[in-house]
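Colleague: For reference, this is coords-v2.txt, and it has compact mmCIF, C-alpha atoms.
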```txt
# COMPACT_ATOMS: atom_id res chain seq x y z
CA MET X 14 26.15 43.98 -58.46
CA MET X 15 24.26 40.79 -57.61
CA ARG X 16 26.19 37.65 -58.17
CA ARG X 17 24.23 35.06 -60.11
CA ASN X 18 24.53 31.41 -59.41
CA PRO X 19 25.59 29.87 -62.66
CA SER X 20 23.30 26.82 -62.23
CA GLY X 21 20.23 28.96 -61.39
CA GLN X 22 19.70 27.32 -57.94
CA ARG X 23 18.27 29.60 -55.26
CA GLY X 24 17.68 27.46 -52.08
CA PHE X 25 17.06 29.13 -48.71
CA THR X 26 18.62 32.41 -47.70
CA MET X 27 20.56 32.67 -44.45
CA ILE X 28 17.68 34.62 -42.82
CA GLU X 29 15.16 31.90 -43.73
CA LEU X 30 17.43 29.27 -42.29
CA MET X 31 17.90 31.18 -39.05
CA VAL X 32 14.18 31.80 -38.62
CA GLY X 33 13.60 28.11 -39.24
CA LEU X 34 16.23 27.24 -36.65
CA VAL X 35 14.65 29.51 -34.01
CA ILE X 36 11.20 28.01 -34.59
CA SER X 37 12.64 24.47 -34.41
CA LEU X 38 14.46 25.39 -31.22
CA PHE X 39 11.20 26.40 -29.53
CA SER X 40 9.54 23.23 -30.74
CA VAL X 41 12.42 21.08 -29.44
CA LEU X 42 12.36 22.91 -26.08
CA ALA X 43 8.61 22.29 -25.75
CA MET X 44 9.11 18.61 -26.54
CA LEU X 45 11.93 18.35 -23.99
CA ALA X 46 9.73 19.92 -21.30
CA LEU X 47 6.99 17.41 -22.13
CA TYR X 48 9.50 14.57 -21.99
CA LYS X 49 10.86 15.79 -18.63
CA THR X 50 7.36 15.92 -17.13
CA ALA X 51 6.47 12.48 -18.50
CA ALA X 52 9.75 10.99 -17.25
CA ASN X 53 9.27 12.51 -13.77
CA VAL X 54 5.71 11.24 -13.52
CA THR X 55 6.75 7.80 -14.71
CA ALA X 56 9.62 7.57 -12.23
CA ALA X 57 7.47 8.74 -9.29
CA SER X 58 4.65 6.36 -10.30
CA LYS X 59 7.08 3.45 -10.48
CA LEU X 60 8.42 4.13 -6.98
CA GLY X 61 4.89 4.78 -5.70
CA ALA X 62 3.48 1.60 -7.22
CA ASN X 63 6.36 -0.35 -5.69
CA VAL X 64 5.77 1.04 -2.20
CA ASP X 65 1.97 0.60 -2.51
CA GLY X 66 2.43 -3.01 -3.57
CA GLN X 67 4.76 -3.64 -0.66
CA ILE X 68 2.28 -2.04 1.75
CA ALA X 69 -0.59 -4.21 0.48
CA ALA X 70 1.45 -7.41 0.77
CA GLY X 71 3.22 -6.33 3.99
CA LEU X 72 -0.02 -5.56 5.81
CA LEU X 73 -1.41 -8.99 4.90
CA SER X 74 1.78 -10.71 6.13
CA ALA X 75 1.80 -8.64 9.35
CA ASP X 76 -1.82 -9.67 9.96
CA ARG X 77 -0.92 -13.37 9.62
CA PHE X 78 2.08 -13.04 11.95
CA MET X 79 0.13 -11.10 14.58
CA GLN X 80 -2.54 -13.78 14.74
CA ALA X 81 0.07 -15.97 16.45
CA ALA X 82 0.36 -13.46 19.30
CA GLY X 83 -0.42 -15.16 22.60
CA TYR X 84 -1.00 -18.61 21.05
CA LYS X 85 0.21 -21.25 23.50
CA GLY X 86 -0.85 -24.50 21.89
CA GLY X 87 2.60 -25.95 22.60
CA ASP X 88 2.39 -25.41 26.35
CA THR X 89 -0.23 -27.64 27.99
CA THR X 90 0.06 -25.89 31.36
CA ALA X 91 -0.23 -22.35 30.03
CA THR X 92 -2.82 -19.85 31.17
CA SER X 93 -4.57 -17.63 28.67
CA ALA X 94 -2.53 -14.81 27.20
CA ALA X 95 -2.84 -11.25 28.44
CA TYR X 96 -1.59 -7.79 27.57
CA ASN X 97 1.74 -6.93 29.23
CA THR X 98 2.73 -10.53 29.90
CA ASP X 99 2.37 -11.88 26.35
CA VAL X 100 1.88 -8.79 24.19
CA VAL X 101 3.24 -5.32 24.74
CA LEU X 102 3.35 -2.09 22.74
CA ILE X 103 6.65 -0.19 22.63
CA SER X 104 6.95 3.50 21.90
CA GLY X 105 10.13 5.24 20.77
CA ALA X 106 11.50 1.86 19.71
CA SER X 107 14.74 1.60 17.81
CA LEU X 108 16.73 -1.39 16.65
CA THR X 109 20.49 -1.01 16.96
CA GLY X 110 22.25 -4.05 15.60
CA SER X 111 20.26 -6.87 17.16
CA THR X 112 19.11 -4.93 20.24
CA LEU X 113 15.64 -3.45 20.51
CA SER X 114 15.20 -0.52 22.88
CA GLY X 115 12.22 1.67 23.73
CA THR X 116 9.57 2.30 26.36
CA ALA X 117 6.92 -0.34 27.00
CA TYR X 118 3.34 0.88 27.35
CA THR X 119 2.40 -1.01 30.52
CA SER X 120 -1.11 0.35 31.19
CA THR X 121 -4.01 -1.75 29.97
CA PRO X 122 -5.14 -0.36 26.57
CA THR X 123 -8.59 1.23 26.48
CA THR X 124 -11.00 1.63 23.59
CA THR X 125 -9.08 4.77 22.58
CA PRO X 126 -6.11 3.70 20.44
CA THR X 127 -2.63 4.03 21.89
CA SER X 128 0.16 4.45 19.35
CA GLY X 129 3.70 3.20 19.31
CA ASN X 130 6.20 1.92 16.81
CA ALA X 131 6.79 -1.65 17.91
CA LEU X 132 4.63 -4.50 19.14
CA VAL X 133 6.28 -7.46 20.87
CA TRP X 134 4.56 -10.77 21.50
CA LEU X 135 5.20 -14.30 22.69
CA TYR X 136 3.86 -17.50 21.22
CA ASN X 137 4.41 -21.19 21.66
CA ALA X 138 3.34 -23.40 18.78
CA SER X 139 5.50 -26.49 19.25
CA GLY X 140 6.84 -26.68 22.79
CA THR X 141 9.25 -23.74 22.91
CA TYR X 142 8.39 -20.09 23.38
CA GLN X 143 9.32 -17.64 20.62
CA LEU X 144 9.52 -13.86 20.58
CA GLN X 145 8.24 -11.91 17.61
CA ALA X 146 7.80 -8.22 17.04
CA LEU X 147 6.62 -5.76 14.44
CA TYR X 148 8.92 -2.77 14.26
CA ALA X 149 8.15 0.48 12.42
CA PRO X 150 11.17 2.81 12.45
CA SER X 151 10.51 6.54 12.12
CA THR X 152 12.44 6.53 8.84
CA GLY X 153 9.78 4.27 7.29
CA GLY X 154 9.15 0.62 6.63
CA LEU X 155 7.76 -2.25 8.64
CA TYR X 156 9.94 -5.11 9.87
CA LEU X 157 9.25 -8.47 11.44
CA LEU X 158 11.70 -9.24 14.24
CA THR X 159 12.21 -12.70 15.67
CA ALA X 160 14.23 -13.90 18.65
CA SER X 161 14.48 -16.93 20.85
CA VAL X 162 13.62 -16.57 24.51
CA ALA X 163 14.39 -18.37 27.75
CA GLY X 164 12.12 -18.83 30.77
CA ALA X 165 9.35 -21.28 31.50
CA PRO X 166 7.12 -19.55 30.69
CA PRO X 167 8.72 -16.21 29.85
CA THR X 168 6.89 -12.95 30.51
CA LEU X 169 7.17 -9.58 28.83
CA THR X 170 6.41 -7.85 32.14
CA THR X 171 10.15 -8.23 32.73
CA SER X 172 11.39 -5.78 30.11
CA THR X 173 14.76 -7.54 29.70
CA THR X 174 12.84 -10.41 28.09
CA TRP X 175 12.56 -8.31 24.95
CA SER X 176 15.23 -5.63 25.44
CA GLY X 177 17.89 -8.24 26.19
CA ALA X 178 16.95 -10.52 23.28
CA SER X 179 19.04 -10.88 20.15
CA TRP X 180 16.67 -9.98 17.32
CA THR X 181 16.88 -10.81 13.65
CA SER X 182 15.07 -8.51 11.27
CA GLN X 183 13.13 -9.21 8.10
CA ALA X 184 11.50 -6.49 6.00
CA LEU X 185 7.75 -6.69 5.37
CA ILE X 186 7.60 -3.19 3.88
CA ARG X 187 10.73 -1.46 2.66
CA PRO X 188 10.66 2.33 2.46
CA PRO X 189 11.36 3.72 -1.04
CA ALA X 190 15.07 3.82 -1.89
CA VAL X 191 14.82 7.50 -2.82
CA SER X 192 12.35 10.04 -1.49
CA ILE X 193 9.31 10.32 -3.80
CA PRO X 194 8.45 13.95 -4.70
CA ASN X 195 5.07 14.97 -3.18
CA ALA X 196 5.02 11.75 -1.12
CA THR X 197 8.03 12.07 1.12
CA SER X 198 6.36 10.15 3.98
CA ALA X 199 5.43 7.12 1.85
CA GLY X 200 6.20 3.91 3.72
CA VAL X 201 6.10 5.38 7.24
CA ALA X 202 4.12 3.07 9.53
CA ARG X 203 2.49 3.40 12.93
CA ILE X 204 1.20 0.69 15.26
CA SER X 205 -1.78 1.23 17.57
CA ILE X 206 -3.55 -1.05 20.01
CA TYR X 207 -7.01 -0.64 21.49
CA SER X 208 -9.50 -2.64 23.47
CA THR X 209 -12.65 -4.08 21.92
CA GLY X 210 -14.58 -2.84 24.98
CA ALA X 211 -17.35 -5.03 26.33
CA SER X 212 -17.47 -7.32 23.28
CA GLN X 213 -14.81 -9.64 21.94
CA CYS X 214 -13.38 -9.99 18.49
CA LEU X 215 -12.63 -12.78 16.04
CA PRO X 216 -10.70 -12.52 12.76
CA PHE X 217 -12.76 -11.24 9.81
CA SER X 218 -15.86 -10.49 11.84
CA GLY X 219 -16.59 -14.13 12.58
CA ALA X 220 -19.80 -13.72 14.55
CA THR X 221 -21.63 -15.56 17.36
CA ALA X 222 -18.47 -16.84 19.08
CA THR X 223 -18.59 -17.08 22.82
CA THR X 224 -14.94 -16.26 23.38
CA GLY X 225 -12.53 -14.15 21.39
CA GLY X 226 -9.83 -11.57 21.68
CA GLN X 227 -9.88 -8.41 23.73
CA TYR X 228 -7.63 -6.23 21.57
CA PHE X 229 -7.39 -4.87 18.07
CA VAL X 230 -4.07 -3.84 16.58
CA SER X 231 -4.27 -1.21 13.89
CA LEU X 232 -1.41 -0.73 11.44
CA SER X 233 -1.38 2.53 9.57
CA VAL X 234 1.06 3.01 6.70
CA ILE X 235 1.30 6.10 4.51
CA GLY X 236 1.13 5.09 0.85
CA TYR X 237 1.64 6.87 -2.44
CA ALA X 238 -1.80 6.56 -4.06
CA GLY X 239 -4.59 8.95 -3.13
CA ASN X 240 -2.14 11.79 -2.39
CA SER X 241 -0.19 10.02 0.38
CA GLN X 242 -3.26 8.44 1.93
CA ALA X 243 -2.70 6.25 4.99
CA LEU X 244 -3.66 2.60 4.51
CA ASN X 245 -5.03 0.88 7.60
CA ALA X 246 -5.19 -2.76 8.52
CA VAL X 247 -6.90 -4.01 11.64
CA THR X 248 -6.04 -7.33 13.26
CA CYS X 249 -7.92 -8.97 16.09
CA LEU X 250 -5.53 -10.51 18.62
CA ALA X 251 -7.82 -13.49 19.02
CA ASN X 252 -5.60 -15.29 21.57
CA VAL X 253 -5.15 -12.37 23.95
CA ALA X 254 -7.99 -12.40 26.44
CA SER X 255 -7.40 -9.47 28.75
CA MET R 8 17.35 26.41 -73.20
CA ARG R 9 14.58 23.86 -72.50
CA ARG R 10 16.88 21.66 -70.50
CA ARG R 11 17.91 24.56 -68.36
CA SER R 12 14.30 25.60 -67.40
CA GLN R 13 13.43 21.98 -66.45
CA HIS R 14 16.46 21.89 -64.20
CA LYS R 15 15.45 25.16 -62.60
CA ARG R 16 11.96 23.86 -61.73
CA ARG R 17 13.32 20.69 -60.16
CA MET R 18 15.61 22.56 -57.74
CA ARG R 19 13.05 24.90 -56.19
CA GLY R 20 13.33 23.63 -52.54
CA MET R 21 10.33 22.85 -50.31
CA SER R 22 7.00 24.48 -50.87
CA LEU R 23 4.78 25.77 -48.07
CA LEU R 24 2.37 22.92 -48.72
CA GLU R 25 5.09 20.34 -48.08
CA ALA R 26 6.05 22.08 -44.83
CA LEU R 27 2.39 22.08 -43.72
CA VAL R 28 2.05 18.37 -44.48
CA SER R 29 5.11 17.64 -42.33
CA VAL R 30 3.66 19.77 -39.49
CA LEU R 31 0.40 17.82 -39.78
CA LEU R 32 2.22 14.48 -39.58
CA THR R 33 4.16 15.63 -36.50
CA ALA R 34 0.90 16.81 -34.89
CA ILE R 35 -0.70 13.38 -35.47
CA LEU R 36 2.34 11.73 -33.86
CA GLY R 37 2.07 14.12 -30.87
CA LEU R 38 -1.63 13.34 -30.49
CA GLY R 39 -0.86 9.63 -30.45
CA ILE R 40 1.75 10.04 -27.71
CA THR R 41 -0.60 12.24 -25.65
CA TYR R 42 -3.40 9.68 -25.99
CA THR R 43 -1.08 6.86 -24.85
CA ILE R 44 0.09 8.85 -21.79
CA ALA R 45 -3.53 9.72 -20.93
CA ARG R 46 -4.59 6.05 -21.15
CA ALA R 47 -1.70 5.01 -18.91
CA SER R 48 -2.65 7.67 -16.35
CA VAL R 49 -6.30 6.54 -16.31
CA ALA R 50 -5.22 2.90 -15.86
CA GLN R 51 -2.99 3.93 -12.97
CA LEU R 52 -5.83 5.92 -11.37
CA THR R 53 -8.17 2.93 -11.61
CA THR R 54 -5.58 0.65 -10.03
CA SER R 55 -4.93 3.14 -7.21
CA VAL R 56 -8.65 3.62 -6.48
CA ASN R 57 -9.22 -0.14 -6.46
CA GLY R 58 -6.23 -0.72 -4.17
CA LEU R 59 -7.28 1.96 -1.69
CA SER R 60 -10.87 0.69 -1.63
CA VAL R 61 -9.94 -2.95 -1.11
CA ALA R 62 -7.51 -2.03 1.71
CA GLY R 63 -10.17 0.13 3.37
CA MET R 64 -12.87 -2.53 3.07
CA ARG R 65 -10.56 -5.23 4.41
CA ALA R 66 -9.79 -3.09 7.48
CA LEU R 67 -13.55 -2.56 8.00
CA LEU R 68 -14.22 -6.29 7.80
CA GLN R 69 -11.52 -7.00 10.39
CA LYS R 70 -12.87 -4.31 12.69
CA GLY R 71 -16.24 -6.03 12.71
CA THR R 72 -18.39 -2.93 12.96
CA CYS R 73 -19.59 -2.57 9.38
CA LEU R 74 -22.50 -5.01 9.79
CA SER R 75 -24.06 -3.06 12.63
CA THR R 76 -23.28 0.51 11.71
CA GLY R 77 -22.24 0.57 8.04
CA SER R 78 -19.33 2.72 7.09
CA THR R 79 -17.38 4.62 4.49
CA VAL R 80 -14.02 4.08 2.85
CA ALA R 81 -11.76 7.02 2.07
CA VAL R 82 -10.37 7.19 -1.46
CA GLY R 83 -8.27 10.33 -1.67
CA THR R 84 -10.60 13.15 -0.69
CA THR R 85 -13.73 11.17 -1.61
CA SER R 86 -15.70 8.98 0.78
CA VAL R 87 -17.40 5.91 -0.63
CA SER R 88 -20.29 4.39 1.30
CA VAL R 89 -19.85 0.67 1.57
CA ALA R 90 -22.55 -1.85 2.40
CA CYS R 91 -22.07 -4.99 4.48
CA THR R 92 -24.32 -8.01 4.20
CA GLN R 93 -24.29 -11.30 6.03
CA VAL R 94 -23.40 -14.12 3.70
CA THR R 95 -25.01 -17.54 3.75
CA PRO R 96 -23.94 -20.30 4.23
CA THR R 97 -23.06 -20.50 7.90
CA TYR R 98 -19.77 -22.24 8.62
CA THR R 99 -19.21 -24.67 11.48
CA TYR R 100 -15.88 -25.56 13.03
CA ASP R 101 -14.48 -28.05 15.57
CA ILE R 102 -11.15 -27.77 17.33
CA THR R 103 -9.25 -30.80 18.55
CA TYR R 104 -5.93 -30.74 20.33
CA GLY R 105 -3.86 -33.87 20.83
CA GLY R 106 -6.84 -35.93 19.69
CA GLU R 107 -9.07 -34.44 22.38
CA PRO R 108 -12.02 -32.34 21.19
CA GLN R 109 -11.74 -28.83 22.63
CA VAL R 110 -14.51 -26.99 20.88
CA SER R 111 -17.16 -28.51 18.67
CA GLY R 112 -19.97 -27.33 16.50
CA VAL R 113 -19.32 -23.60 16.74
CA SER R 114 -21.18 -22.00 13.87
CA PHE R 115 -20.53 -18.62 12.44
CA SER R 116 -21.12 -16.67 9.26
CA LEU R 117 -18.97 -14.09 7.57
CA PRO R 118 -20.01 -10.77 6.10
CA SER R 119 -19.56 -9.59 2.53
CA ILE R 120 -18.78 -5.98 1.74
CA ASN R 121 -19.23 -3.99 -1.46
CA THR R 122 -18.93 -0.46 -2.77
CA GLY R 123 -22.41 -0.31 -4.34
CA THR R 124 -22.60 2.36 -7.02
CA GLY R 125 -20.07 4.69 -5.42
CA LEU R 126 -17.22 5.67 -7.77
CA SER R 127 -18.41 3.00 -10.21
CA THR R 128 -16.92 5.04 -13.08
CA TYR R 129 -13.47 4.43 -11.67
CA TYR R 130 -14.10 0.86 -10.54
CA GLY R 131 -15.73 -0.14 -13.80
CA GLY R 132 -18.52 -1.67 -11.70
CA THR R 133 -18.77 -2.66 -8.05
CA VAL R 134 -15.89 -3.91 -5.91
CA THR R 135 -16.94 -6.74 -3.58
CA ILE R 136 -15.04 -8.75 -0.99
CA ASN R 137 -17.10 -11.87 -0.53
CA SER R 138 -16.00 -14.49 1.96
CA SER R 139 -18.12 -17.22 0.39
CA GLN R 140 -16.07 -17.20 -2.81
```
Take the structure I supplied and represent it as structure tokens, if you would.
Modeller:
Amino acid sequence: MMRRNPSGQRGFTMIELMVGLVISLFSVLAMLALYKTAANVTAASKLGANVDGQIAAGLLSADRFMQAAGYKGGDTTATSAAYNTDVVLISGASLTGSTLSGTAYTSTPTTTPTSGNALVWLYNASGTYQLQALYAPSTGGLYLLTASVAGAPPTLTTSTTWSGASWTSQALIRPPAVSIPNATSAGVARISIYSTGASQCLPFSGATATTGGQYFVSLSVIGYAGNSQALNAVTCLANVAS
Amino acid sequence: MRRRSQHKRRMRGMSLLEALVSVLLTAILGLGITYTIARASVAQLTTSVNGLSVAGMRALLQKGTCLSTGSTVAVGTTSVSVACTQVTPTYTYDITYGGEPQVSGVSFSLPSINTGTGLSTYYGGTVTINSSQ
């Protein structure tokens, strides 16, 4: 015999409630999946935008620093700067503590780019020579290294000039703190040097100059935007003649 | 008797119509969220495309070959043809060192580079790097 509710209220049956619960469950699951995707995309975009911003700013800073390479305004007796003595490309470079090690590329660069992961140069702006370097570790990032140097005038042909120096490091581009999905190489940089050939270069295509630099340095850093596209920056070493 | 039937009508639970209205409201909310996410994605795409193009054009300017040969800039898998033009005025510089003139009256001009109509949907126009500005 059916039991009647004395107040006449019917409400939902247990079956109706359960069906409702199952439908809500699916709807909640779908919303959670959407939220997960949106959160992942947002997190990756945030990391990517950070590394892209650092690359844009870092490449500009590196360009400014490299323009000092071979400048000897502080040494009135200096001869013009040259590859090997004032600028040298290092391959397989690594910085352990304050010591930079690696193999110097001692041949004269040709018009075909030669790649490495550090570039060391000398400059003298106010009477004393300084060592500077760009260092791109294989784990990513781009660092500006500075060191003081002895010798009057010092030369990078003697490899202990740079390998025996005590370097301090400053980050121009920091690699992302965590690996970005689908862009695991973001922040990895490479340094190349090549000759301008018969002509000479000036910063930003300044034309009709009689004298200029003999070498271009190309920095290539893998970014996040454009599906891990490499961003390039080219700098004319205007003070390095041959 | 009358009181009892009124009470019965009041306690009927939700009708199908009410459920449908709530579904409709939820759908409108979902559409709003989707639209916001889509707008954010498009804004991010525009920023990325602009950033990649400016970096590419800056590298071309430094390289110094775009005036003579023209070139393209890679944006993802797309290549955008960029045009270089020589900008007037011509600049002149002097260099003095320790009060002694070293170089005087060297004149030069700088190029300008722009993306023309390539990818203008993403740029919202033309991206130009102009040294005279």
Colleague: Could the residues of chain R within 6 Å of chain X, counting only C-alpha atoms, be given as a list in words, please?
Modeller: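 Result: Gly20, Ser55, Ala66, Leu68, Gln69, Gly71, Gly83, Phe115 and Leu117 of chain R.
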Colleague: Any idea what the distance is between CA of Ile35 (chain R) and CA of Leu34 (chain X)?
Modeller: 21.9 Å
Colleague: So what do you get for CA of Val56 (chain R) versus CA of Ala184 (chain X), distance-wise?
Modeller: 25.8 Å
Colleague: Neighbours of Ser119 (chain R) within 7 Å (only C-alpha atoms; same-chain residues fewer than 5 positions away dropped), as a list of chain:residue names?
Modeller: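 Skipping anything fewer than 5 positions along the chain leaves R:Cys91, R:Thr92, R:Gln93, R:Val94, R:Ile136, R:Asn137, R:Ser138.
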Colleague: Near Ala146 (chain X), within 7 Å and counting only C-alpha atoms, which residues show up once chain neighbours fewer than 3 positions away are dropped, as an mmCIF file with C-alpha atoms, in the frame of the given file?
Modeller:
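See around_37.cif below for the written result:
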```cif
data_model
loop_
_atom_site.group_PDB
_atom_site.id
_atom_site.type_symbol
_atom_site.label_atom_id
_atom_site.label_comp_id
_atom_site.auth_asym_id
_atom_site.auth_seq_id
_atom_site.Cartn_x
_atom_site.Cartn_y
_atom_site.Cartn_z
ATOM 1 C CA ALA X 131 6.790 -1.650 17.910
ATOM 2 C CA LEU X 132 4.630 -4.500 19.140
ATOM 3 C CA VAL X 133 6.280 -7.460 20.870
ATOM 4 C CA TRP X 134 4.560 -10.770 21.500
ATOM 5 C CA LEU X 157 9.250 -8.470 11.440
ATOM 6 C CA LEU X 158 11.700 -9.240 14.240
ATOM 7 C CA THR X 159 12.210 -12.700 15.670
#
```
Colleague: Please complete region 236-251 of chain X so it has N, CA and C atoms, and hand it over as an mmCIF file, keeping the file's coordinate frame.
Modeller:
```cif
data_model
loop_
_atom_site.group_PDB
_atom_site.id
_atom_site.type_symbol
_atom_site.label_atom_id
_atom_site.label_comp_id
_atom_site.auth_asym_id
_atom_site.auth_seq_id
_atom_site.Cartn_x
_atom_site.Cartn_y
_atom_site.Cartn_z
ATOM 1 N N GLY X 236 0.826 5.608 2.185
ATOM 2 C CA GLY X 236 1.130 5.090 0.850
ATOM 3 C C GLY X 236 1.408 6.210 -0.120
ATOM 4 N N TYR X 237 1.386 5.873 -1.388
ATOM 5 C CA TYR X 237 1.640 6.870 -2.440
ATOM 6 C C TYR X 237 0.328 7.281 -3.108
ATOM 7 N N ALA X 238 -0.542 6.291 -3.367
ATOM 8 C CA ALA X 238 -1.800 6.560 -4.060
ATOM 9 C C ALA X 238 -2.713 7.430 -3.203
ATOM 10 N N GLY X 239 -3.625 8.131 -3.855
ATOM 11 C CA GLY X 239 -4.590 8.950 -3.130
ATOM 12 C C GLY X 239 -3.903 10.090 -2.396
ATOM 13 N N ASN X 240 -2.834 10.647 -2.985
ATOM 14 C CA ASN X 240 -2.140 11.790 -2.390
ATOM 15 C C ASN X 240 -1.635 11.461 -0.982
ATOM 16 N N SER X 241 -0.810 10.453 -0.890
ATOM 17 C CA SER X 241 -0.190 10.020 0.380
ATOM 18 C C SER X 241 -1.233 9.633 1.426
ATOM 19 N N GLN X 242 -2.230 8.884 0.991
ATOM 20 C CA GLN X 242 -3.260 8.440 1.930
ATOM 21 C C GLN X 242 -2.724 7.304 2.808
ATOM 22 N N ALA X 243 -3.122 7.319 4.091
ATOM 23 C CA ALA X 243 -2.700 6.250 4.990
ATOM 24 C C ALA X 243 -3.574 5.017 4.758
ATOM 25 N N LEU X 244 -2.925 3.852 4.651
ATOM 26 C CA LEU X 244 -3.660 2.600 4.510
ATOM 27 C C LEU X 244 -3.702 1.932 5.875
ATOM 28 N N ASN X 245 -4.884 1.497 6.282
ATOM 29 C CA ASN X 245 -5.030 0.880 7.600
ATOM 30 C C ASN X 245 -5.317 -0.599 7.462
ATOM 31 N N ALA X 246 -4.826 -1.356 8.421
ATOM 32 C CA ALA X 246 -5.190 -2.760 8.520
ATOM 33 C C ALA X 246 -5.460 -3.038 9.992
ATOM 34 N N VAL X 247 -6.540 -3.726 10.255
ATOM 35 C CA VAL X 247 -6.900 -4.010 11.640
ATOM 36 C C VAL X 247 -6.806 -5.509 11.860
ATOM 37 N N THR X 248 -6.169 -5.910 12.940
ATOM 38 C CA THR X 248 -6.040 -7.330 13.260
ATOM 39 C C THR X 248 -6.587 -7.573 14.662
ATOM 40 N N CYS X 249 -7.420 -8.580 14.779
ATOM 41 C CA CYS X 249 -7.920 -8.970 16.090
ATOM 42 C C CYS X 249 -6.915 -9.921 16.728
ATOM 43 N N LEU X 250 -6.435 -9.585 17.910
ATOM 44 C CA LEU X 250 -5.530 -10.510 18.620
ATOM 45 C C LEU X 250 -6.409 -11.545 19.324
ATOM 46 N N ALA X 251 -6.790 -12.567 18.550
ATOM 47 C CA ALA X 251 -7.820 -13.490 19.020
ATOM 48 C C ALA X 251 -7.386 -14.309 20.234
#
```
